[in-house]
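Next comes model.pdb, with PDB, C-alpha atoms.
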ATOM      1  CA  MET K   1       0.000   0.000   0.000  1.00  0.00           C
ATOM      2  CA  PRO K   2       1.430   3.432  -0.896  1.00  0.00           C
ATOM      3  CA  LEU K   3       2.089   6.064   1.700  1.00  0.00           C
ATOM      4  CA  PRO K   4      -1.018   8.295   1.740  1.00  0.00           C
ATOM      5  CA  ASP K   5       1.068  11.475   1.839  1.00  0.00           C
ATOM      6  CA  THR K   6       2.996  10.313  -1.230  1.00  0.00           C
ATOM      7  CA  LEU K   7      -0.229   9.736  -3.134  1.00  0.00           C
ATOM      8  CA  VAL K   8      -1.565  13.178  -2.228  1.00  0.00           C
ATOM      9  CA  ASP K   9       1.724  14.848  -3.142  1.00  0.00           C
ATOM     10  CA  GLU K  10       1.893  13.070  -6.497  1.00  0.00           C
ATOM     11  CA  LEU K  11      -1.698  13.845  -7.436  1.00  0.00           C
ATOM     12  CA  TRP K  12      -1.273  17.517  -6.586  1.00  0.00           C
ATOM     13  CA  ARG K  13       2.138  17.894  -8.214  1.00  0.00           C
ATOM     14  CA  ARG K  14       1.036  16.398 -11.509  1.00  0.00           C
ATOM     15  CA  ALA K  15      -2.388  18.029 -11.562  1.00  0.00           C
ATOM     16  CA  VAL K  16      -0.971  21.485 -10.885  1.00  0.00           C
ATOM     17  CA  GLY K  17       2.356  21.237 -12.684  1.00  0.00           C
ATOM     18  CA  GLY K  18       1.281  19.048 -15.567  1.00  0.00           C
ATOM     19  CA  ILE K  19       3.694  16.802 -17.420  1.00  0.00           C
ATOM     20  CA  GLY K  20       4.324  16.562 -21.141  1.00  0.00           C
ATOM     21  CA  PRO K  21       1.092  17.138 -23.089  1.00  0.00           C
ATOM     22  CA  PHE K  22      -0.956  16.876 -19.887  1.00  0.00           C
ATOM     23  CA  ALA K  23      -1.283  20.589 -19.079  1.00  0.00           C
ATOM     24  CA  GLY K  24      -1.280  21.882 -15.524  1.00  0.00           C
ATOM     25  CA  ALA K  25      -4.328  23.318 -13.804  1.00  0.00           C
ATOM     26  CA  ALA K  26      -3.419  26.997 -14.146  1.00  0.00           C
ATOM     27  CA  GLY K  27      -2.726  26.668 -17.861  1.00  0.00           C
ATOM     28  CA  VAL K  28      -6.021  24.909 -18.510  1.00  0.00           C
ATOM     29  CA  ALA K  29      -7.863  27.491 -16.426  1.00  0.00           C
ATOM     30  CA  ASP K  30      -6.171  30.440 -18.123  1.00  0.00           C
ATOM     31  CA  ASP K  31      -6.999  29.048 -21.562  1.00  0.00           C
ATOM     32  CA  ALA K  32     -10.643  28.758 -20.520  1.00  0.00           C
ATOM     33  CA  LEU K  33     -10.587  32.351 -19.274  1.00  0.00           C
ATOM     34  CA  VAL K  34      -9.266  33.578 -22.615  1.00  0.00           C
ATOM     35  CA  ALA K  35     -11.904  31.538 -24.474  1.00  0.00           C
ATOM     36  CA  THR K  36     -14.687  33.098 -22.380  1.00  0.00           C
ATOM     37  CA  GLU K  37     -13.343  36.660 -22.660  1.00  0.00           C
ATOM     38  CA  ASP K  38     -12.391  36.883 -18.975  1.00  0.00           C
ATOM     39  CA  ASP K  39     -15.749  35.721 -17.646  1.00  0.00           C
ATOM     40  CA  VAL K  40     -14.596  33.787 -14.591  1.00  0.00           C
ATOM     41  CA  GLU K  41     -17.746  31.749 -13.992  1.00  0.00           C
ATOM     42  CA  ALA K  42     -18.106  30.942 -17.679  1.00  0.00           C
ATOM     43  CA  ALA K  43     -14.484  29.780 -17.596  1.00  0.00           C
ATOM     44  CA  VAL K  44     -15.257  27.603 -14.572  1.00  0.00           C
ATOM     45  CA  ARG K  45     -18.138  26.005 -16.481  1.00  0.00           C
ATOM     46  CA  ARG K  46     -15.874  25.486 -19.479  1.00  0.00           C
ATOM     47  CA  VAL K  47     -13.220  23.765 -17.361  1.00  0.00           C
ATOM     48  CA  VAL K  48     -15.906  21.571 -15.801  1.00  0.00           C
ATOM     49  CA  GLY K  49     -17.332  20.604 -19.190  1.00  0.00           C
ATOM     50  CA  THR K  50     -13.897  19.781 -20.571  1.00  0.00           C
ATOM     51  CA  HIS K  51     -13.050  17.537 -17.644  1.00  0.00           C
ATOM     52  CA  VAL K  52     -16.401  15.750 -17.698  1.00  0.00           C
ATOM     53  CA  ARG K  53     -15.895  15.000 -21.388  1.00  0.00           C
ATOM     54  CA  LEU K  54     -12.352  13.772 -20.758  1.00  0.00           C
ATOM     55  CA  ALA K  55     -13.543  11.519 -17.963  1.00  0.00           C
ATOM     56  CA  ALA K  56     -16.271  10.100 -20.177  1.00  0.00           C
ATOM     57  CA  SER K  57     -14.056   9.589 -23.179  1.00  0.00           C
ATOM     58  CA  SER K  58     -12.971   6.044 -23.888  1.00  0.00           C
ATOM     59  CA  GLY K  59      -9.786   7.583 -25.253  1.00  0.00           C
ATOM     60  CA  LEU K  60      -8.781   9.118 -21.904  1.00  0.00           C
ATOM     61  CA  LEU K  61      -6.013   6.635 -21.199  1.00  0.00           C
ATOM     62  CA  THR K  62      -4.577   7.051 -24.674  1.00  0.00           C
ATOM     63  CA  SER K  63      -4.641  10.834 -24.387  1.00  0.00           C
ATOM     64  CA  LEU K  64      -2.761  10.717 -21.087  1.00  0.00           C
ATOM     65  CA  GLY K  65      -0.495   7.935 -22.261  1.00  0.00           C
ATOM     66  CA  GLY K  66       3.059   8.019 -21.078  1.00  0.00           C
ATOM     67  CA  ALA K  67       2.788  11.642 -20.024  1.00  0.00           C
ATOM     68  CA  ALA K  68       0.737  11.042 -16.927  1.00  0.00           C
ATOM     69  CA  THR K  69       3.162   8.715 -15.218  1.00  0.00           C
ATOM     70  CA  LEU K  70       1.040   8.758 -12.128  1.00  0.00           C
ATOM     71  CA  LEU K  71      -1.009   6.094 -13.880  1.00  0.00           C
ATOM     72  CA  VAL K  72       0.304   2.987 -12.202  1.00  0.00           C
ATOM     73  CA  THR K  73      -0.504  -0.631 -11.586  1.00  0.00           C
ATOM     74  CA  ALA K  74      -3.840   0.224 -10.018  1.00  0.00           C
ATOM     75  CA  PRO K  75      -6.864   0.317 -12.325  1.00  0.00           C
ATOM     76  CA  ALA K  76      -5.929   3.064 -14.734  1.00  0.00           C
ATOM     77  CA  GLY K  77      -9.418   4.505 -14.944  1.00  0.00           C
ATOM     78  CA  THR K  78      -9.523   5.163 -11.214  1.00  0.00           C
ATOM     79  CA  THR K  79      -6.107   6.796 -11.184  1.00  0.00           C
ATOM     80  CA  GLY K  80      -6.809   8.908 -14.264  1.00  0.00           C
ATOM     81  CA  LEU K  81     -10.140   9.980 -12.832  1.00  0.00           C
ATOM     82  CA  TYR K  82      -8.600  11.352  -9.648  1.00  0.00           C
ATOM     83  CA  LEU K  83      -5.747  12.998 -11.531  1.00  0.00           C
ATOM     84  CA  LEU K  84      -8.311  14.780 -13.698  1.00  0.00           C
ATOM     85  CA  GLY K  85     -10.505  15.538 -10.695  1.00  0.00           C
ATOM     86  CA  THR K  86      -7.584  17.087  -8.857  1.00  0.00           C
ATOM     87  CA  ARG K  87      -6.748  19.227 -11.884  1.00  0.00           C
ATOM     88  CA  LEU K  88     -10.394  20.266 -12.135  1.00  0.00           C
ATOM     89  CA  SER K  89     -10.507  21.353  -8.488  1.00  0.00           C
ATOM     90  CA  ALA K  90      -7.189  23.173  -8.787  1.00  0.00           C
ATOM     91  CA  GLY K  91      -8.366  24.884 -11.984  1.00  0.00           C
ATOM     92  CA  VAL K  92     -11.544  26.144 -10.312  1.00  0.00           C
ATOM     93  CA  ALA K  93      -9.487  27.391  -7.370  1.00  0.00           C
ATOM     94  CA  HIS K  94      -7.108  29.224  -9.725  1.00  0.00           C
ATOM     95  CA  LEU K  95      -9.953  30.857 -11.613  1.00  0.00           C
ATOM     96  CA  ARG K  96     -11.455  32.041  -8.323  1.00  0.00           C
ATOM     97  CA  GLY K  97      -8.179  33.751  -7.433  1.00  0.00           C
ATOM     98  CA  ARG K  98      -6.784  31.133  -5.056  1.00  0.00           C
ATOM     99  CA  ASP K  99      -3.039  30.574  -4.782  1.00  0.00           C
ATOM    100  CA  LEU K 100      -2.239  26.999  -5.787  1.00  0.00           C
ATOM    101  CA  ALA K 101       0.980  27.189  -3.766  1.00  0.00           C
ATOM    102  CA  ASP K 102      -1.084  27.710  -0.597  1.00  0.00           C
ATOM    103  CA  PRO K 103      -1.289  24.443   1.375  1.00  0.00           C
ATOM    104  CA  VAL K 104      -4.773  25.401   2.597  1.00  0.00           C
ATOM    105  CA  VAL K 105      -5.991  25.655  -0.996  1.00  0.00           C
ATOM    106  CA  ARG K 106      -4.411  22.288  -1.749  1.00  0.00           C
ATOM    107  CA  THR K 107      -6.224  20.641   1.146  1.00  0.00           C
ATOM    108  CA  ALA K 108      -9.541  22.262   0.185  1.00  0.00           C
ATOM    109  CA  ALA K 109      -9.195  21.126  -3.428  1.00  0.00           C
ATOM    110  CA  LEU K 110      -8.449  17.551  -2.368  1.00  0.00           C
ATOM    111  CA  VAL K 111     -11.442  17.564  -0.026  1.00  0.00           C
ATOM    112  CA  CYS K 112     -13.535  18.421  -3.099  1.00  0.00           C
ATOM    113  CA  VAL K 113     -11.999  15.539  -5.048  1.00  0.00           C
ATOM    114  CA  LEU K 114     -13.347  13.167  -2.401  1.00  0.00           C
ATOM    115  CA  GLY K 115     -16.762  14.856  -2.448  1.00  0.00           C
ATOM    116  CA  GLY K 116     -19.002  13.866   0.439  1.00  0.00           C
ATOM    117  CA  ASP K 117     -16.269  11.659   1.906  1.00  0.00           C
ATOM    118  CA  GLY K 118     -13.915  14.634   1.944  1.00  0.00           C
ATOM    119  CA  VAL K 119     -16.438  16.863   3.680  1.00  0.00           C
ATOM    120  CA  GLU K 120     -17.016  14.127   6.246  1.00  0.00           C
ATOM    121  CA  LEU K 121     -13.275  13.900   6.908  1.00  0.00           C
ATOM    122  CA  ALA K 122     -13.059  17.690   7.255  1.00  0.00           C
ATOM    123  CA  GLU K 123     -15.919  17.766   9.736  1.00  0.00           C
ATOM    124  CA  ARG K 124     -14.402  14.927  11.735  1.00  0.00           C
ATOM    125  CA  THR K 125     -11.221  16.988  11.924  1.00  0.00           C
ATOM    126  CA  GLY K 126     -13.208  19.698  13.680  1.00  0.00           C
ATOM    127  CA  LEU K 127     -14.459  21.974  10.908  1.00  0.00           C
ATOM    128  CA  ASP K 128     -17.921  23.471  11.324  1.00  0.00           C
ATOM    129  CA  LEU K 129     -18.964  23.740   7.690  1.00  0.00           C
ATOM    130  CA  VAL K 130     -22.461  24.865   8.612  1.00  0.00           C
ATOM    131  CA  ASN K 131     -21.209  28.182   9.953  1.00  0.00           C
ATOM    132  CA  ALA K 132     -17.969  28.611   8.024  1.00  0.00           C
ATOM    133  CA  SER K 133     -16.711  28.024   4.502  1.00  0.00           C
ATOM    134  CA  LEU K 134     -14.297  25.180   3.835  1.00  0.00           C
ATOM    135  CA  LEU K 135     -11.390  27.526   3.110  1.00  0.00           C
ATOM    136  CA  HIS K 136     -12.098  29.716   6.137  1.00  0.00           C
ATOM    137  CA  GLY K 137     -12.433  26.685   8.382  1.00  0.00           C
ATOM    138  CA  LEU K 138      -9.177  25.178   7.124  1.00  0.00           C
ATOM    139  CA  ARG K 139      -7.319  28.436   7.728  1.00  0.00           C
ATOM    140  CA  ARG K 140      -8.362  28.312  11.352  1.00  0.00           C
ATOM    141  CA  LEU K 141      -6.889  24.835  11.847  1.00  0.00           C
ATOM    142  CA  PRO K 142      -3.375  24.527  13.271  1.00  0.00           C
ATOM    143  CA  PRO K 143      -0.953  23.402  10.536  1.00  0.00           C
ATOM    144  CA  GLU K 144      -0.373  20.065  12.247  1.00  0.00           C
ATOM    145  CA  VAL K 145      -4.111  19.328  12.316  1.00  0.00           C
ATOM    146  CA  ARG K 146      -4.443  20.228   8.646  1.00  0.00           C
ATOM    147  CA  ALA K 147      -1.506  17.903   7.928  1.00  0.00           C
ATOM    148  CA  GLN K 148      -3.424  15.133   9.679  1.00  0.00           C
ATOM    149  CA  LEU K 149      -6.394  15.858   7.409  1.00  0.00           C
ATOM    150  CA  ASP K 150      -4.123  15.608   4.354  1.00  0.00           C
ATOM    151  CA  THR K 151      -2.979  12.198   5.570  1.00  0.00           C
ATOM    152  CA  ARG K 152      -6.570  11.063   6.069  1.00  0.00           C
ATOM    153  CA  ILE K 153      -7.409  12.233   2.553  1.00  0.00           C
ATOM    154  CA  GLY K 154      -4.484  10.155   1.293  1.00  0.00           C
ATOM    155  CA  PHE K 155      -5.735   7.109   3.181  1.00  0.00           C
ATOM    156  CA  ARG K 156      -9.227   7.541   1.747  1.00  0.00           C
ATOM    157  CA  LEU K 157      -7.886   7.881  -1.809  1.00  0.00           C
ATOM    158  CA  THR K 158      -5.631   4.869  -1.289  1.00  0.00           C
ATOM    159  CA  SER K 159      -8.595   2.877  -0.041  1.00  0.00           C
ATOM    160  CA  ARG K 160     -10.540   3.738  -3.179  1.00  0.00           C
ATOM    161  CA  PHE K 161      -7.652   2.612  -5.371  1.00  0.00           C
ATOM    162  CA  THR K 162      -6.963  -0.606  -3.525  1.00  0.00           C
ATOM    163  CA  ARG K 163     -10.603  -1.660  -3.526  1.00  0.00           C
ATOM    164  CA  ARG K 164     -10.197  -2.167  -7.279  1.00  0.00           C
ATOM    165  CA  GLY K 165      -6.648  -3.465  -7.381  1.00  0.00           C
ATOM    166  CA  ALA K 166      -3.172  -3.053  -5.999  1.00  0.00           C
ATOM    167  CA  LEU K 167      -1.626   0.419  -6.214  1.00  0.00           C
ATOM    168  CA  ASN K 168       2.113   0.934  -5.969  1.00  0.00           C
ATOM    169  CA  VAL K 169       3.239   4.503  -6.557  1.00  0.00           C
ATOM    170  CA  THR K 170       6.856   3.389  -6.822  1.00  0.00           C
ATOM    171  CA  LYS K 171       6.194   1.496 -10.048  1.00  0.00           C
ATOM    172  CA  LEU K 172       5.204   4.189 -12.508  1.00  0.00           C
ATOM    173  CA  ILE K 173       4.563   2.919 -16.008  1.00  0.00           C
ATOM    174  CA  PRO K 174       4.335   4.875 -19.258  1.00  0.00           C
ATOM    175  CA  VAL K 175       1.229   3.333 -20.813  1.00  0.00           C
ATOM    176  CA  VAL K 176      -1.793   1.676 -19.268  1.00  0.00           C
ATOM    177  CA  ALA K 177      -4.468  -0.026 -21.312  1.00  0.00           C
ATOM    178  CA  GLY K 178      -8.048  -0.671 -20.429  1.00  0.00           C
ATOM    179  CA  PRO K 179     -11.487   0.869 -20.869  1.00  0.00           C
ATOM    180  CA  ILE K 180     -13.181   3.402 -18.647  1.00  0.00           C
ATOM    181  CA  GLY K 181     -16.788   3.271 -17.615  1.00  0.00           C
ATOM    182  CA  ALA K 182     -17.753   6.476 -19.375  1.00  0.00           C
ATOM    183  CA  GLY K 183     -21.044   7.106 -17.637  1.00  0.00           C
ATOM    184  CA  ALA K 184     -19.760   6.370 -14.135  1.00  0.00           C
ATOM    185  CA  ASP K 185     -16.645   8.475 -14.577  1.00  0.00           C
ATOM    186  CA  ALA K 186     -18.573  11.396 -16.040  1.00  0.00           C
ATOM    187  CA  MET K 187     -20.913  11.300 -13.062  1.00  0.00           C
ATOM    188  CA  ALA K 188     -17.998  11.130 -10.654  1.00  0.00           C
ATOM    189  CA  MET K 189     -16.370  14.136 -12.338  1.00  0.00           C
ATOM    190  CA  ARG K 190     -19.604  16.109 -12.120  1.00  0.00           C
ATOM    191  CA  THR K 191     -19.703  15.356  -8.403  1.00  0.00           C
ATOM    192  CA  ILE K 192     -16.155  16.655  -7.971  1.00  0.00           C
ATOM    193  CA  ALA K 193     -17.108  19.743  -9.969  1.00  0.00           C
ATOM    194  CA  THR K 194     -20.152  20.372  -7.790  1.00  0.00           C
ATOM    195  CA  PHE K 195     -18.052  20.352  -4.630  1.00  0.00           C
ATOM    196  CA  ALA K 196     -15.279  22.434  -6.209  1.00  0.00           C
ATOM    197  CA  GLN K 197     -17.732  25.089  -7.423  1.00  0.00           C
ATOM    198  CA  ALA K 198     -19.409  25.225  -4.012  1.00  0.00           C
ATOM    199  CA  HIS K 199     -16.302  25.282  -1.824  1.00  0.00           C
ATOM    200  CA  LEU K 200     -13.554  26.923  -3.844  1.00  0.00           C
TER     201      LEU K 200
END
Let's see the structure in the file written out as structure tokens.
Amino acid sequence: MPLPDTLVDELWRRAVGGIGPFAGAAGVADDALVATEDDVEAAVRRVVGTHVRLAASSGLLTSLGGAATLLVTAPAGTTGLYLLGTRLSAGVAHLRGRDLADPVVRTAALVCVLGGDGVELAERTGLDLVNASLLHGLRRLPPEVRAQLDTRIGFRLTSRFTRRGALNVTKLIPVVAGPIGAGADAMAMRTIATFAQAHL
């Protein structure tokens, strides 16, 4: 089983920084902003639509190919889905003026990737999301408590991977074959988008 912190770090690094033809979150977001003539919310919707289509596309694995070396021996569809979901959340955060180098923004974006599970983890950490926004609540947490939340997010993501097969982040491979359940992945991406739009 991979170290949860390693999984979180890898997802964030590749989603934000990109690799090869897989563009980073800020670049994707900025392109959407240009395409919508600087209409931030229209750009958010454009980023969401793009990522839902990518998740649904049976050609997703081919399009990521060797570039997204986070795709490992776990089921490729699951890994690709969360890589895309992390980029989606980071892109929404960037468009809304959040600093992607801010560890609080990173935690908030990863909470959104987990959807309801992420919100549950945040609340169990002590956040009162009824009376405070996710970002505001996270900023009030001591850094060591937020680090514990990051670790729990990593455990939850690892659990999702390992339920469908073994995941070993030390054995990155350039190409992974296999189909994606288009409908299920599109729905999952829409769920991530809903949480990202609400909380970021």
**Q.** Selection result for the PyMOL selection byres ((chain K and resi 28) around 10) on this file, as a PyMOL selection string
**A.** chain K and resi 16+18+22-27+29-33+43+46-47+50+87-88+90-92+94-95
Q.
Quick check on the file I pasted: which residues fall under the PyMOL selection byres ((chain K and resi 112) around 7)? Write them as a ChimeraX atom specification.
A. /K:89,108-111,113-115,118,192,195-196
Q. By how many Å are atom CA of Ala184 of chain K and atom CA of Gly49 of chain K apart?
A. 15.3 Å
**Q.** Atom-to-atom span, atom CA of Leu7 of chain K and atom CA of Phe155 of chain K, Å
**A.**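 Between atom CA of Leu7 of chain K and atom CA of Phe155 of chain K the gap works out to 8.8 Å.
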Q: Go ahead and compute the interatomic distance for atom CA of Leu149 of chain K and atom CA of Asp185 of chain K, in Å to one decimal.
A: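 It comes out at 25.4 Å.
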**Q.** Hits of the PyMOL selection byres ((chain K and resi 136-148) around 9) in this structure, as an NGL selection string
**A.** :K and (103-105 or 107-108 or 122 or 125-129 or 132-135 or 149-153)
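Compared by their closest atoms to Arg106 of chain K, and using all atoms listed in the file, the residues K:Leu11, K:Val44, K:Ala35, K:Met189 rank with K:Leu11 nearest.
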Q: Write out as a ChimeraX atom specification each polymer residue whose atoms come within 9 Å of Met187 of chain K, counting all atoms listed in the file; drop sequence neighbours fewer than 6 positions from it.
A: /K:52,55-56
Taking all atoms of segment 8-14 of chain K that appear in the file, build a box with edges along x, y and z, extend it by 5 Å on every side, and state its centre and edge lengths in Å to one decimal, as AutoDock Vina command-line options.
--center_x 0.2 --center_y 15.5 --center_z -6.9 --size_x 13.8 --size_y 14.8 --size_z 19.3
Q) Nearest to Leu157 of chain K among K:Arg13, K:Ala193, K:Asp117, K:Ala198, with distances taken over only C-alpha atoms: which residue is it? A)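 Among K:Arg13, K:Ala193, K:Asp117, K:Ala198, it is K:Asp117 that comes nearest to Leu157 of chain K.
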Q) Taking all atoms listed in the file into account, which of K:Leu83, K:Leu100, K:Val130, K:Val48 comes nearest Thr191 of chain K? A)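 Of K:Leu83, K:Leu100, K:Val130, K:Val48, the one nearest Thr191 of chain K is K:Val48, counting all atoms listed in the file.
Distances from K:Leu121, K:Gly154, K:Gly80, K:Ala186 to Asp9 of chain K were compared using only C-alpha atoms, and the smallest one belongs to K:Gly154.
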Q) For Gly97 of chain K, which of K:Asn131, K:Val40, K:Ser159, K:Leu84 is the closest residue, counting all atoms listed in the file? A)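 Closest to Gly97 of chain K, using all atoms listed in the file: K:Val40.
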**Q.** Nearest-residue call for Val8 of chain K, choices K:Val119, K:Tyr82, K:Arg98, K:His199, using all atoms listed in the file
**A.**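 With all atoms listed in the file as the atom set, the closest residue is K:Tyr82.
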As a PDB file, in the coordinates of the input, the rebuilt segment 128-138 of chain K with all heavy atoms:
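result.pdb, written as the output of this step:
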ATOM      1  N   ASP K 128     -16.478  23.225  11.276  1.00  0.00           N
ATOM      2  CA  ASP K 128     -17.921  23.471  11.324  1.00  0.00           C
ATOM      3  C   ASP K 128     -18.317  24.098   9.997  1.00  0.00           C
ATOM      4  O   ASP K 128     -18.277  25.316   9.824  1.00  0.00           O
ATOM      5  CB  ASP K 128     -18.259  24.403  12.491  1.00  0.00           C
ATOM      6  CG  ASP K 128     -19.747  24.742  12.551  1.00  0.00           C
ATOM      7  OD1 ASP K 128     -20.519  24.153  11.765  1.00  0.00           O
ATOM      8  OD2 ASP K 128     -20.120  25.613  13.363  1.00  0.00           O
ATOM      9  N   LEU K 129     -18.681  23.250   9.038  1.00  0.00           N
ATOM     10  CA  LEU K 129     -18.964  23.740   7.690  1.00  0.00           C
ATOM     11  C   LEU K 129     -20.376  24.288   7.553  1.00  0.00           C
ATOM     12  O   LEU K 129     -20.756  24.757   6.478  1.00  0.00           O
ATOM     13  CB  LEU K 129     -18.716  22.627   6.668  1.00  0.00           C
ATOM     14  CG  LEU K 129     -17.264  22.123   6.622  1.00  0.00           C
ATOM     15  CD1 LEU K 129     -17.098  21.048   5.551  1.00  0.00           C
ATOM     16  CD2 LEU K 129     -16.300  23.273   6.375  1.00  0.00           C
ATOM     17  N   VAL K 130     -21.143  24.238   8.629  1.00  0.00           N
ATOM     18  CA  VAL K 130     -22.461  24.865   8.612  1.00  0.00           C
ATOM     19  C   VAL K 130     -22.313  26.376   8.787  1.00  0.00           C
ATOM     20  O   VAL K 130     -22.997  27.170   8.151  1.00  0.00           O
ATOM     21  CB  VAL K 130     -23.355  24.284   9.726  1.00  0.00           C
ATOM     22  CG1 VAL K 130     -24.673  25.049   9.799  1.00  0.00           C
ATOM     23  CG2 VAL K 130     -23.617  22.810   9.477  1.00  0.00           C
ATOM     24  N   ASN K 131     -21.367  26.763   9.621  1.00  0.00           N
ATOM     25  CA  ASN K 131     -21.209  28.182   9.953  1.00  0.00           C
ATOM     26  C   ASN K 131     -19.960  28.828   9.359  1.00  0.00           C
ATOM     27  O   ASN K 131     -19.706  30.014   9.588  1.00  0.00           O
ATOM     28  CB  ASN K 131     -21.181  28.348  11.477  1.00  0.00           C
ATOM     29  CG  ASN K 131     -22.479  27.908  12.121  1.00  0.00           C
ATOM     30  OD1 ASN K 131     -23.542  28.366  11.740  1.00  0.00           O
ATOM     31  ND2 ASN K 131     -22.384  26.996  13.082  1.00  0.00           N
ATOM     32  N   ALA K 132     -19.181  28.053   8.634  1.00  0.00           N
ATOM     33  CA  ALA K 132     -17.969  28.611   8.024  1.00  0.00           C
ATOM     34  C   ALA K 132     -17.701  27.906   6.701  1.00  0.00           C
ATOM     35  O   ALA K 132     -18.048  26.738   6.526  1.00  0.00           O
ATOM     36  CB  ALA K 132     -16.773  28.442   8.956  1.00  0.00           C
ATOM     37  N   SER K 133     -17.072  28.633   5.777  1.00  0.00           N
ATOM     38  CA  SER K 133     -16.711  28.024   4.502  1.00  0.00           C
ATOM     39  C   SER K 133     -15.561  27.044   4.710  1.00  0.00           C
ATOM     40  O   SER K 133     -14.846  27.086   5.732  1.00  0.00           O
ATOM     41  CB  SER K 133     -16.288  29.107   3.509  1.00  0.00           C
ATOM     42  OG  SER K 133     -15.041  29.675   3.901  1.00  0.00           O
ATOM     43  N   LEU K 134     -15.373  26.157   3.744  1.00  0.00           N
ATOM     44  CA  LEU K 134     -14.297  25.180   3.835  1.00  0.00           C
ATOM     45  C   LEU K 134     -12.949  25.881   3.954  1.00  0.00           C
ATOM     46  O   LEU K 134     -12.141  25.550   4.828  1.00  0.00           O
ATOM     47  CB  LEU K 134     -14.326  24.264   2.610  1.00  0.00           C
ATOM     48  CG  LEU K 134     -13.211  23.222   2.509  1.00  0.00           C
ATOM     49  CD1 LEU K 134     -13.230  22.279   3.704  1.00  0.00           C
ATOM     50  CD2 LEU K 134     -13.334  22.442   1.203  1.00  0.00           C
ATOM     51  N   LEU K 135     -12.680  26.845   3.077  1.00  0.00           N
ATOM     52  CA  LEU K 135     -11.390  27.526   3.110  1.00  0.00           C
ATOM     53  C   LEU K 135     -11.182  28.273   4.424  1.00  0.00           C
ATOM     54  O   LEU K 135     -10.107  28.224   5.027  1.00  0.00           O
ATOM     55  CB  LEU K 135     -11.275  28.489   1.925  1.00  0.00           C
ATOM     56  CG  LEU K 135     -10.942  27.841   0.578  1.00  0.00           C
ATOM     57  CD1 LEU K 135     -11.161  28.828  -0.559  1.00  0.00           C
ATOM     58  CD2 LEU K 135      -9.508  27.326   0.555  1.00  0.00           C
ATOM     59  N   HIS K 136     -12.215  28.967   4.886  1.00  0.00           N
ATOM     60  CA  HIS K 136     -12.098  29.716   6.137  1.00  0.00           C
ATOM     61  C   HIS K 136     -11.859  28.761   7.304  1.00  0.00           C
ATOM     62  O   HIS K 136     -11.015  29.016   8.178  1.00  0.00           O
ATOM     63  CB  HIS K 136     -13.358  30.548   6.390  1.00  0.00           C
ATOM     64  CG  HIS K 136     -13.306  31.351   7.638  1.00  0.00           C
ATOM     65  ND1 HIS K 136     -12.465  32.443   7.785  1.00  0.00           N
ATOM     66  CD2 HIS K 136     -13.970  31.226   8.822  1.00  0.00           C
ATOM     67  CE1 HIS K 136     -12.618  32.960   8.994  1.00  0.00           C
ATOM     68  NE2 HIS K 136     -13.528  32.242   9.650  1.00  0.00           N
ATOM     69  N   GLY K 137     -12.600  27.664   7.322  1.00  0.00           N
ATOM     70  CA  GLY K 137     -12.433  26.685   8.382  1.00  0.00           C
ATOM     71  C   GLY K 137     -11.043  26.084   8.390  1.00  0.00           C
ATOM     72  O   GLY K 137     -10.426  25.918   9.450  1.00  0.00           O
ATOM     73  N   LEU K 138     -10.515  25.759   7.202  1.00  0.00           N
ATOM     74  CA  LEU K 138      -9.177  25.178   7.124  1.00  0.00           C
ATOM     75  C   LEU K 138      -8.117  26.162   7.589  1.00  0.00           C
ATOM     76  O   LEU K 138      -7.121  25.765   8.214  1.00  0.00           O
ATOM     77  CB  LEU K 138      -8.881  24.727   5.688  1.00  0.00           C
ATOM     78  CG  LEU K 138      -9.621  23.482   5.198  1.00  0.00           C
ATOM     79  CD1 LEU K 138      -9.400  23.282   3.705  1.00  0.00           C
ATOM     80  CD2 LEU K 138      -9.183  22.245   5.971  1.00  0.00           C
TER      81      LEU K 138
END
